[in-house]
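Structure record follows, encoded as structure tokens.
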Amino acid sequence: MLTVEEALDAILSRISPLGSERVDVVGALGRVLAEPIVSRREIPPWPNSSMDGYAVRAQDTGTGARLAIVGRVEAGALPTRAVGRGETMRIFTGAPLPEGADTVVPQEDVAAVDGHIEVGRAFERAAFVRPRGEDVRVGERVLEAGIVLTAAEIGLLATLGYGQVRVHRRPRVAVLSTGNELADLGTEPGPGQIPNTNTYTLMAQILESGGDPASLGVAPDRLEAIEGRIRAARDADVLISSAGVSVGELDLVREALLRAGAELHLWQVSMRPGKPITFGSLGSRPVWGLPGNPVSAMVTFELFVRPALLKMGGRRRLSRPRVRARALATVPNPGSRRGYLRVTLERTAEGLGARLTGEQGSAILRSMVAADGLAVVPGDTVVPPGGELEIVLLRELP
Ligand code: AMP
Ligand code: MG
């Protein structure tokens with residue numbers, strides 16, 4: 001059986017970033033930039049006022065200074081003349097500074113009377129003026145390829161005139177659920193049936209990982225049916241199925257993948273929940289067969305699929321943040337497999353504390369609903385109250 005690290009290495013070594021596409025700038029939020037951005041604009045394009053006030057020459061200010069108002073310039077307009085010695089021009093925030101002026105005196109600091117202003121004190125040269133190119137110079141490389149775009153970068157791109165930008169493609173991920181017992185959403189489960197959960201948790205996890213999910217529905221536990229669905233997912237970059245990967249007679253996913261032409265690279269990983277997991281390649285496309293229990297499917301997705309989808313989308317940072325916390329109650333991990341145990345986190349006087357969400361059964365989805373993170377606990381270990389835990393964060397810290 002492989003360790004989690006060995007399995008993840010085996011997976012990531014077979015995953016490459018997808019190519020790029022051009023998208024509208026706002027749609028690029030959260031995507032990975034695939035081209036460096038060099039500015040073709042000077043921002044701001046000319047010196048302008050950062051206040052409503054009066055454009056002046058700094059050397060004309062000082063105690064008792066009195067300047068003649070010779071014009072007015074608003075944002076969006078150009079000054080119609082220059083400012084000479086002993087003169088000033090009314091100016092508004094964002095308006096271009098007139099020739100001759102080098103400083104702005106805020107309106108709060110002057111008394112305006114009879115077409116003149118009285119300035120009570122000296123102002124330093126360039127006060128309240130935003131110089132040309134203060135933010136961005138022409139030719140400056142402002143964004144590097146490989147960064148994840150946030151709101152600030154979107155604003156910068158728009159400022160530089162980019163209506164569209166080149167980003168890494170999002171992986172298209174087909175999701176298949178297998179099992180005779182499954183009733184899909186929209187159908188009331190009949191006798192012996194249970195609702196299909198995994199298609200929906202997985203599609204949501206795919207979205208969270210920057211992927212573009214599509215459902216292949218539910219296949220019954222028949223080899224040809226599963227194989228047919230796998231073959232139908234031709235447009236997808238990635239295929240993920242759940243259930244049917246264990247050793248039972250009805251566990252047909254591995255066989256169906258092989259029949260559809262897949263090469264399988266790994267099967268069992270020493271972890272709890274989720275020991276049976278299949279990873280393979282269908283041509284150049286990665287495929288995963290995740291376990292059927294809803295918590296196992298979610299946790300194995302977290303550990304083995306999410307990093308791969310992030311990598312395909314061009315991300316460099318593939319792992320969730322980890323924190324350390326003290327156990328607020330005993331955390332047992334019986335059995336030799338490493339545990340990824342659902343915990344809630346709370347802030348205590350001694351720092352971050354963690355406790356199990358309750359029963360850790362791999363079919364208890366509400367243990368994931370309650371979980372802030374997964375405590376990584378070695379096999380055959382009992383962490384006593386006060387003991388240290390390493391936690392993979394699934395949500396923001398409380
Ligand atoms: P299997 O790996 O097929 O033996 O499935 C393990 C357990 O997960 C069984 O109890 C299944 O009923 C359950 N299961 C499988 N697929 C799903 C699904 N899509 N949604 C909810 N439970 C499932
Ligand atoms: Mg089954």
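Residue names in the structure tokens use chain letters A, B, ... in the order shown, residue numbers from 1 in each chain, and ligand numbers from 1 in the order shown.
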Please tabulate, as CSV, the residues of chain A that come within 10 Å of ligand 2, each with its closest pair of atoms and the distance in Å to one decimal, counting only C-alpha atoms and all ligand atoms and ordering rows by chain, then residue number upward.
```
residue,atom,partner,partner_atom_place_in_ligand_line,distance
A:Ser177,CA,ligand 2,1 (Mg),9.4
A:Thr178,CA,ligand 2,1 (Mg),6.5
A:Gly179,CA,ligand 2,1 (Mg),4.6
A:Asn180,CA,ligand 2,1 (Mg),7.1
A:Glu181,CA,ligand 2,1 (Mg),7.6
A:Leu182,CA,ligand 2,1 (Mg),9.0
A:Pro220,CA,ligand 2,1 (Mg),8.8
A:Asp221,CA,ligand 2,1 (Mg),7.0
A:Ser242,CA,ligand 2,1 (Mg),8.7
A:Ala243,CA,ligand 2,1 (Mg),5.2
A:Gly244,CA,ligand 2,1 (Mg),4.6
A:Val245,CA,ligand 2,1 (Mg),8.0
A:Ser246,CA,ligand 2,1 (Mg),8.4
A:Gly248,CA,ligand 2,1 (Mg),8.3
A:Glu249,CA,ligand 2,1 (Mg),9.4
A:Leu250,CA,ligand 2,1 (Mg),6.3
A:Asp251,CA,ligand 2,1 (Mg),6.2
A:Leu252,CA,ligand 2,1 (Mg),8.6
A:Val253,CA,ligand 2,1 (Mg),9.5
A:Pro291,CA,ligand 2,1 (Mg),9.0
A:Gly292,CA,ligand 2,1 (Mg),6.7
A:Asn293,CA,ligand 2,1 (Mg),9.2
```
Would you mind listing what lies within 12 Å of stretch 361-372 of chain A as a PyMOL selection string, with only C-alpha atoms counted and same-chain residues fewer than 4 positions away left out? chain A and resi 194+197-198+201+271-275+291-300+302+321-323+325+339-346+352-357+391-398
Residue selection dump (C-alpha atoms) as a PDB file, in the first residue's frame:
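Heads up, here's the output in part-v6.pdb:
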```pdb
ATOM      1  CA  ILE A 194     -30.347   5.783  -1.507  1.00  0.00           C
ATOM      2  CA  THR A 197     -24.716  12.408  -2.969  1.00  0.00           C
ATOM      3  CA  ASN A 198     -21.305  12.111  -4.563  1.00  0.00           C
ATOM      4  CA  THR A 201     -20.234  17.064  -3.584  1.00  0.00           C
ATOM      5  CA  MET A 271      -5.296   6.281   4.806  1.00  0.00           C
ATOM      6  CA  ARG A 272      -8.572   6.467   6.603  1.00  0.00           C
ATOM      7  CA  PRO A 273     -11.141   7.203   5.322  1.00  0.00           C
ATOM      8  CA  GLY A 274     -10.735   6.092   1.746  1.00  0.00           C
ATOM      9  CA  LYS A 275      -8.252   3.249   1.225  1.00  0.00           C
ATOM     10  CA  PRO A 291     -14.431   5.366  -3.090  1.00  0.00           C
ATOM     11  CA  GLY A 292     -18.226   5.385  -2.760  1.00  0.00           C
ATOM     12  CA  ASN A 293     -18.786   6.462   0.802  1.00  0.00           C
ATOM     13  CA  PRO A 294     -19.518  10.178   0.675  1.00  0.00           C
ATOM     14  CA  VAL A 295     -16.867  11.217   3.211  1.00  0.00           C
ATOM     15  CA  SER A 296     -14.237   8.975   1.605  1.00  0.00           C
ATOM     16  CA  ALA A 297     -15.038  10.438  -1.798  1.00  0.00           C
ATOM     17  CA  MET A 298     -14.699  13.987  -0.470  1.00  0.00           C
ATOM     18  CA  VAL A 299     -11.492  13.366   1.473  1.00  0.00           C
ATOM     19  CA  THR A 300      -9.760  11.488  -1.344  1.00  0.00           C
ATOM     20  CA  GLU A 302      -9.231  16.799  -1.342  1.00  0.00           C
ATOM     21  CA  PRO A 321      -2.862  25.704   4.308  1.00  0.00           C
ATOM     22  CA  ARG A 322      -2.034  23.703   7.457  1.00  0.00           C
ATOM     23  CA  VAL A 323      -2.176  24.882  11.054  1.00  0.00           C
ATOM     24  CA  ALA A 325      -3.905  23.060  17.141  1.00  0.00           C
ATOM     25  CA  GLY A 339      -6.201   9.210   9.734  1.00  0.00           C
ATOM     26  CA  TYR A 340      -7.635  12.334   8.148  1.00  0.00           C
ATOM     27  CA  LEU A 341     -10.083  13.047  10.914  1.00  0.00           C
ATOM     28  CA  ARG A 342     -12.781  15.675  10.734  1.00  0.00           C
ATOM     29  CA  VAL A 343     -12.352  18.357  13.381  1.00  0.00           C
ATOM     30  CA  THR A 344     -13.930  21.631  14.387  1.00  0.00           C
ATOM     31  CA  LEU A 345     -11.591  24.412  15.441  1.00  0.00           C
ATOM     32  CA  GLU A 346     -12.045  26.992  18.165  1.00  0.00           C
ATOM     33  CA  LEU A 352      -6.183  27.153  18.464  1.00  0.00           C
ATOM     34  CA  GLY A 353      -8.027  24.095  19.787  1.00  0.00           C
ATOM     35  CA  ALA A 354      -9.505  21.172  17.841  1.00  0.00           C
ATOM     36  CA  ARG A 355     -11.994  18.449  18.592  1.00  0.00           C
ATOM     37  CA  LEU A 356     -13.458  15.648  16.508  1.00  0.00           C
ATOM     38  CA  THR A 357     -16.764  16.501  14.840  1.00  0.00           C
ATOM     39  CA  ILE A 391      -4.727  20.262  10.649  1.00  0.00           C
ATOM     40  CA  VAL A 392      -5.370  20.656   6.926  1.00  0.00           C
ATOM     41  CA  LEU A 393      -7.616  23.713   6.800  1.00  0.00           C
ATOM     42  CA  LEU A 394     -10.783  23.283   4.747  1.00  0.00           C
ATOM     43  CA  ARG A 395     -12.400  26.576   5.767  1.00  0.00           C
ATOM     44  CA  GLU A 396     -11.290  29.947   7.015  1.00  0.00           C
ATOM     45  CA  LEU A 397     -10.112  29.944  10.620  1.00  0.00           C
ATOM     46  CA  PRO A 398     -12.918  30.633  13.097  1.00  0.00           C
TER      47      PRO A 398
END
```
Please report, as a PyMOL selection string, each residue of stretch 28-69 of chain A to which DSSP assigns strand (DSSP E or B) when run on this structure's backbone. chain A and resi 32-33+37-38+43+48-49+53-56+65-69
Kindly save the residues from that selection, with N, CA and C atoms included, as a tab-separated table (two decimals), in the first residue's frame.
```
chain	number	residue	atom	x	y	z
A	32	VAL	N	-5.37	31.75	-13.52
A	32	VAL	CA	-3.92	31.97	-13.51
A	32	VAL	C	-3.51	32.65	-14.81
A	33	LEU	N	-2.87	33.78	-14.69
A	33	LEU	CA	-2.43	34.57	-15.84
A	33	LEU	C	-1.42	33.77	-16.65
A	37	ILE	N	2.25	40.90	-18.34
A	37	ILE	CA	1.60	42.13	-18.79
A	37	ILE	C	2.59	43.29	-18.69
A	38	VAL	N	2.82	43.92	-19.86
A	38	VAL	CA	3.70	45.08	-19.94
A	38	VAL	C	2.81	46.28	-20.25
A	43	ILE	N	0.18	55.76	-16.07
A	43	ILE	CA	-0.94	55.97	-15.16
A	43	ILE	C	-0.45	56.70	-13.92
A	48	ASN	N	-2.01	65.44	-11.93
A	48	ASN	CA	-3.39	65.89	-11.65
A	48	ASN	C	-3.57	66.12	-10.17
A	49	SER	N	-4.68	66.77	-9.87
A	49	SER	CA	-4.93	67.18	-8.49
A	49	SER	C	-5.50	66.03	-7.67
A	53	GLY	N	-9.52	72.18	-4.94
A	53	GLY	CA	-8.79	73.33	-4.37
A	53	GLY	C	-8.36	74.30	-5.44
A	54	TYR	N	-7.09	74.76	-5.33
A	54	TYR	CA	-6.57	75.78	-6.24
A	54	TYR	C	-5.18	75.39	-6.70
A	55	ALA	N	-4.98	75.42	-8.02
A	55	ALA	CA	-3.66	75.12	-8.58
A	55	ALA	C	-2.80	76.38	-8.46
A	56	VAL	N	-1.61	76.23	-7.89
A	56	VAL	CA	-0.76	77.41	-7.64
A	56	VAL	C	0.69	77.07	-7.97
A	65	ALA	N	-0.29	85.60	1.36
A	65	ALA	CA	-0.31	85.53	-0.10
A	65	ALA	C	-1.73	85.71	-0.62
A	66	ARG	N	-1.83	86.45	-1.75
A	66	ARG	CA	-3.13	86.73	-2.34
A	66	ARG	C	-2.98	86.49	-3.85
A	67	LEU	N	-3.79	85.55	-4.38
A	67	LEU	CA	-3.60	85.14	-5.78
A	67	LEU	C	-4.90	85.35	-6.56
A	68	ALA	N	-4.75	85.77	-7.81
A	68	ALA	CA	-5.92	86.04	-8.66
A	68	ALA	C	-6.41	84.75	-9.31
A	69	ILE	N	-7.71	84.49	-9.22
A	69	ILE	CA	-8.29	83.29	-9.84
A	69	ILE	C	-8.47	83.57	-11.33
```
Might you pull out every residue within 6 Å of A:Val238, with only C-alpha atoms counted and same-chain residues fewer than 3 positions away left off, and present them as a list in words?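 That gives Val173, Arg285, Pro286 and Val287 of chain A.
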Would you please work out which residue, of A:Ile147, A:Leu185, A:Val73, A:Ala174, is nearest to ligand 1 when using only C-alpha atoms and all ligand atoms?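 Smallest separation from ligand 1 among the options: A:Leu185.
Shortest atom-to-atom contact with ligand 1 among A:Pro189, A:Gly120, A:Pro17, A:Gly379: A:Pro189, counting only C-alpha atoms and all ligand atoms.
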As an mmCIF file with all heavy atoms, in the first residue's frame, please: the residues near A:Glu153 (cut-off 12 Å, only C-alpha atoms, same-chain neighbours under 2 positions excluded).
```
data_model
loop_
_atom_site.group_PDB
_atom_site.id
_atom_site.type_symbol
_atom_site.label_atom_id
_atom_site.label_comp_id
_atom_site.auth_asym_id
_atom_site.auth_seq_id
_atom_site.Cartn_x
_atom_site.Cartn_y
_atom_site.Cartn_z
ATOM 1 N N VAL A 25 -12.056 40.197 -18.989
ATOM 2 C CA VAL A 25 -11.191 40.491 -17.847
ATOM 3 C C VAL A 25 -11.833 40.130 -16.504
ATOM 4 O O VAL A 25 -11.173 39.576 -15.627
ATOM 5 C CB VAL A 25 -10.684 41.954 -17.939
ATOM 6 C CG1 VAL A 25 -11.798 42.958 -17.701
ATOM 7 C CG2 VAL A 25 -9.517 42.183 -17.017
ATOM 8 N N VAL A 26 -13.130 40.391 -16.336
ATOM 9 C CA VAL A 26 -13.743 40.069 -15.035
ATOM 10 C C VAL A 26 -13.856 38.556 -14.849
ATOM 11 O O VAL A 26 -13.698 38.030 -13.741
ATOM 12 C CB VAL A 26 -15.116 40.764 -14.877
ATOM 13 C CG1 VAL A 26 -15.802 40.326 -13.588
ATOM 14 C CG2 VAL A 26 -14.940 42.281 -14.858
ATOM 15 N N ALA A 28 -11.748 36.563 -15.581
ATOM 16 C CA ALA A 28 -10.405 36.035 -15.281
ATOM 17 C C ALA A 28 -10.145 35.964 -13.779
ATOM 18 O O ALA A 28 -9.118 35.444 -13.351
ATOM 19 C CB ALA A 28 -9.344 36.904 -15.960
ATOM 20 N N LEU A 29 -11.077 36.474 -12.992
ATOM 21 C CA LEU A 29 -10.900 36.438 -11.533
ATOM 22 C C LEU A 29 -10.641 35.006 -11.066
ATOM 23 O O LEU A 29 -11.355 34.076 -11.441
ATOM 24 C CB LEU A 29 -12.152 36.974 -10.841
ATOM 25 C CG LEU A 29 -12.048 37.053 -9.313
ATOM 26 C CD1 LEU A 29 -11.099 38.172 -8.895
ATOM 27 C CD2 LEU A 29 -13.408 37.264 -8.679
ATOM 28 N N GLY A 30 -9.607 34.815 -10.257
ATOM 29 C CA GLY A 30 -9.308 33.487 -9.713
ATOM 30 C C GLY A 30 -8.568 32.574 -10.682
ATOM 31 O O GLY A 30 -8.184 31.471 -10.317
ATOM 32 N N ARG A 31 -8.368 33.033 -11.909
ATOM 33 C CA ARG A 31 -7.649 32.217 -12.902
ATOM 34 C C ARG A 31 -6.162 32.578 -12.849
ATOM 35 O O ARG A 31 -5.767 33.578 -12.273
ATOM 36 C CB ARG A 31 -8.216 32.510 -14.309
ATOM 37 C CG ARG A 31 -9.727 32.329 -14.417
ATOM 38 C CD ARG A 31 -10.124 30.882 -14.551
ATOM 39 N NE ARG A 31 -9.692 30.331 -15.822
ATOM 40 C CZ ARG A 31 -10.429 30.356 -16.949
ATOM 41 N NH1 ARG A 31 -11.615 30.912 -16.963
ATOM 42 N NH2 ARG A 31 -9.962 29.808 -18.059
ATOM 43 N N VAL A 32 -5.367 31.750 -13.524
ATOM 44 C CA VAL A 32 -3.922 31.966 -13.511
ATOM 45 C C VAL A 32 -3.508 32.655 -14.814
ATOM 46 O O VAL A 32 -3.785 32.151 -15.910
ATOM 47 C CB VAL A 32 -3.177 30.631 -13.347
ATOM 48 C CG1 VAL A 32 -1.671 30.847 -13.427
ATOM 49 C CG2 VAL A 32 -3.553 29.990 -12.011
ATOM 50 N N LEU A 33 -2.865 33.785 -14.686
ATOM 51 C CA LEU A 33 -2.433 34.572 -15.839
ATOM 52 C C LEU A 33 -1.420 33.771 -16.651
ATOM 53 O O LEU A 33 -0.487 33.187 -16.091
ATOM 54 C CB LEU A 33 -1.801 35.871 -15.324
ATOM 55 C CG LEU A 33 -1.472 36.947 -16.339
ATOM 56 C CD1 LEU A 33 -2.739 37.451 -17.029
ATOM 57 C CD2 LEU A 33 -0.759 38.106 -15.646
ATOM 58 N N ILE A 37 2.249 40.904 -18.335
ATOM 59 C CA ILE A 37 1.595 42.134 -18.787
ATOM 60 C C ILE A 37 2.585 43.293 -18.694
ATOM 61 O O ILE A 37 3.127 43.584 -17.631
ATOM 62 C CB ILE A 37 0.346 42.442 -17.922
ATOM 63 C CG1 ILE A 37 -0.659 41.279 -17.988
ATOM 64 C CG2 ILE A 37 -0.287 43.766 -18.351
ATOM 65 C CD1 ILE A 37 -1.299 41.051 -19.349
ATOM 66 N N VAL A 142 4.168 44.820 -15.275
ATOM 67 C CA VAL A 142 3.399 45.001 -14.041
ATOM 68 C C VAL A 142 2.851 43.688 -13.478
ATOM 69 O O VAL A 142 2.608 43.597 -12.280
ATOM 70 C CB VAL A 142 2.236 46.004 -14.227
ATOM 71 C CG1 VAL A 142 2.774 47.423 -14.322
ATOM 72 C CG2 VAL A 142 1.389 45.663 -15.434
ATOM 73 N N LEU A 143 2.619 42.675 -14.313
ATOM 74 C CA LEU A 143 2.113 41.387 -13.809
ATOM 75 C C LEU A 143 2.905 40.266 -14.475
ATOM 76 O O LEU A 143 3.167 40.309 -15.676
ATOM 77 C CB LEU A 143 0.617 41.214 -14.120
ATOM 78 C CG LEU A 143 -0.354 42.231 -13.486
ATOM 79 C CD1 LEU A 143 -1.772 41.992 -14.002
ATOM 80 C CD2 LEU A 143 -0.319 42.158 -11.965
ATOM 81 N N GLU A 144 3.259 39.260 -13.669
ATOM 82 C CA GLU A 144 4.011 38.122 -14.191
ATOM 83 C C GLU A 144 3.045 36.984 -14.556
ATOM 84 O O GLU A 144 2.030 36.798 -13.884
ATOM 85 C CB GLU A 144 4.988 37.606 -13.120
ATOM 86 C CG GLU A 144 6.064 38.606 -12.715
ATOM 87 C CD GLU A 144 7.014 38.979 -13.863
ATOM 88 O OE1 GLU A 144 7.163 38.193 -14.815
ATOM 89 O OE2 GLU A 144 7.601 40.081 -13.786
ATOM 90 N N ILE A 147 0.662 34.226 -11.944
ATOM 91 C CA ILE A 147 -0.013 34.712 -10.732
ATOM 92 C C ILE A 147 -1.511 34.420 -10.806
ATOM 93 O O ILE A 147 -2.086 34.288 -11.882
ATOM 94 C CB ILE A 147 0.191 36.225 -10.498
ATOM 95 C CG1 ILE A 147 -0.442 37.028 -11.638
ATOM 96 C CG2 ILE A 147 1.663 36.556 -10.348
ATOM 97 C CD1 ILE A 147 -0.689 38.457 -11.265
ATOM 98 N N VAL A 148 -2.127 34.308 -9.632
ATOM 99 C CA VAL A 148 -3.579 34.113 -9.558
ATOM 100 C C VAL A 148 -4.214 35.495 -9.519
ATOM 101 O O VAL A 148 -3.834 36.341 -8.710
ATOM 102 C CB VAL A 148 -3.946 33.320 -8.283
ATOM 103 C CG1 VAL A 148 -5.454 33.148 -8.190
ATOM 104 C CG2 VAL A 148 -3.251 31.957 -8.296
ATOM 105 N N LEU A 149 -5.165 35.728 -10.422
ATOM 106 C CA LEU A 149 -5.736 37.073 -10.547
ATOM 107 C C LEU A 149 -6.778 37.331 -9.458
ATOM 108 O O LEU A 149 -7.705 36.541 -9.269
ATOM 109 C CB LEU A 149 -6.349 37.252 -11.937
ATOM 110 C CG LEU A 149 -5.323 37.184 -13.067
ATOM 111 C CD1 LEU A 149 -6.016 37.100 -14.428
ATOM 112 C CD2 LEU A 149 -4.390 38.392 -13.022
ATOM 113 N N THR A 150 -6.600 38.454 -8.756
ATOM 114 C CA THR A 150 -7.580 38.892 -7.763
ATOM 115 C C THR A 150 -8.181 40.219 -8.252
ATOM 116 O O THR A 150 -7.809 40.720 -9.316
ATOM 117 C CB THR A 150 -6.923 39.112 -6.387
ATOM 118 O OG1 THR A 150 -6.095 40.274 -6.458
ATOM 119 C CG2 THR A 150 -6.072 37.909 -5.967
ATOM 120 N N ALA A 151 -9.067 40.776 -7.452
ATOM 121 C CA ALA A 151 -9.767 41.999 -7.866
ATOM 122 C C ALA A 151 -8.788 43.128 -8.217
ATOM 123 O O ALA A 151 -9.012 43.866 -9.183
ATOM 124 C CB ALA A 151 -10.720 42.447 -6.765
ATOM 125 N N GLY A 155 -8.594 45.152 -11.844
ATOM 126 C CA GLY A 155 -8.672 46.608 -11.975
ATOM 127 C C GLY A 155 -7.478 47.167 -12.729
ATOM 128 O O GLY A 155 -7.615 48.035 -13.602
ATOM 129 N N LEU A 156 -6.295 46.642 -12.428
ATOM 130 C CA LEU A 156 -5.082 47.116 -13.107
ATOM 131 C C LEU A 156 -5.152 46.798 -14.604
ATOM 132 O O LEU A 156 -4.840 47.637 -15.451
ATOM 133 C CB LEU A 156 -3.843 46.480 -12.469
ATOM 134 C CG LEU A 156 -2.491 46.926 -13.027
ATOM 135 C CD1 LEU A 156 -2.323 48.438 -12.895
ATOM 136 C CD2 LEU A 156 -1.352 46.209 -12.315
ATOM 137 N N LEU A 157 -5.610 45.577 -14.936
ATOM 138 C CA LEU A 157 -5.720 45.193 -16.346
ATOM 139 C C LEU A 157 -6.682 46.130 -17.079
ATOM 140 O O LEU A 157 -6.399 46.595 -18.185
ATOM 141 C CB LEU A 157 -6.195 43.739 -16.462
ATOM 142 C CG LEU A 157 -5.129 42.689 -16.100
ATOM 143 C CD1 LEU A 157 -5.763 41.331 -15.842
ATOM 144 C CD2 LEU A 157 -4.091 42.586 -17.213
ATOM 145 N N ALA A 158 -7.822 46.422 -16.438
ATOM 146 C CA ALA A 158 -8.793 47.329 -17.064
ATOM 147 C C ALA A 158 -8.160 48.702 -17.252
ATOM 148 O O ALA A 158 -8.297 49.329 -18.310
ATOM 149 C CB ALA A 158 -10.056 47.415 -16.208
ATOM 150 N N THR A 159 -7.432 49.180 -16.247
ATOM 151 C CA THR A 159 -6.773 50.486 -16.330
ATOM 152 C C THR A 159 -5.804 50.525 -17.514
ATOM 153 O O THR A 159 -5.643 51.546 -18.171
ATOM 154 C CB THR A 159 -5.996 50.755 -15.023
ATOM 155 O OG1 THR A 159 -6.906 50.649 -13.933
ATOM 156 C CG2 THR A 159 -5.366 52.128 -15.017
ATOM 157 N N LEU A 160 -5.174 49.401 -17.780
ATOM 158 C CA LEU A 160 -4.193 49.354 -18.867
ATOM 159 C C LEU A 160 -4.847 49.032 -20.206
ATOM 160 O O LEU A 160 -4.156 48.845 -21.201
ATOM 161 C CB LEU A 160 -3.107 48.327 -18.537
ATOM 162 C CG LEU A 160 -2.320 48.650 -17.256
ATOM 163 C CD1 LEU A 160 -1.244 47.606 -17.012
ATOM 164 C CD2 LEU A 160 -1.705 50.049 -17.323
ATOM 165 N N TYR A 162 -6.936 46.387 -21.022
ATOM 166 C CA TYR A 162 -7.167 44.986 -21.386
ATOM 167 C C TYR A 162 -8.627 44.600 -21.141
ATOM 168 O O TYR A 162 -9.035 44.396 -20.008
ATOM 169 C CB TYR A 162 -6.276 44.041 -20.556
ATOM 170 C CG TYR A 162 -4.829 44.075 -20.961
ATOM 171 C CD1 TYR A 162 -3.977 45.050 -20.463
ATOM 172 C CD2 TYR A 162 -4.328 43.138 -21.857
ATOM 173 C CE1 TYR A 162 -2.645 45.092 -20.842
ATOM 174 C CE2 TYR A 162 -2.997 43.172 -22.238
ATOM 175 C CZ TYR A 162 -2.169 44.151 -21.728
ATOM 176 O OH TYR A 162 -0.855 44.187 -22.108
ATOM 177 N N VAL A 165 -7.941 38.899 -21.407
ATOM 178 C CA VAL A 165 -6.592 38.555 -20.955
ATOM 179 C C VAL A 165 -6.410 37.043 -21.121
ATOM 180 O O VAL A 165 -7.390 36.284 -21.114
ATOM 181 C CB VAL A 165 -6.413 39.030 -19.490
ATOM 182 C CG1 VAL A 165 -7.334 38.301 -18.542
ATOM 183 C CG2 VAL A 165 -4.977 38.914 -19.044
#
```
Option closest in space to ligand 1, from A:Ala232, A:Leu216, A:Val383, A:Ile154 [counting only C-alpha atoms and all ligand atoms]: A:Leu216
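Put simply, atom CA of A:His265 is 16.9 Å away from atom CA of A:Val247.
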Among A:Pro195, A:Gly71, A:Gly228, A:Pro106, ligand 1 is approached most closely, using only C-alpha atoms and all ligand atoms, by A:Pro195
Taking the DSSP assignment computed from this structure's backbone, write out as JSON, numbers by chain all residues of stretch 39-202 of chain A that belong to alpha helix (DSSP H). {"A": [151, 152, 153, 154, 155, 156, 157, 158, 159, 198, 199, 200, 201, 202]}
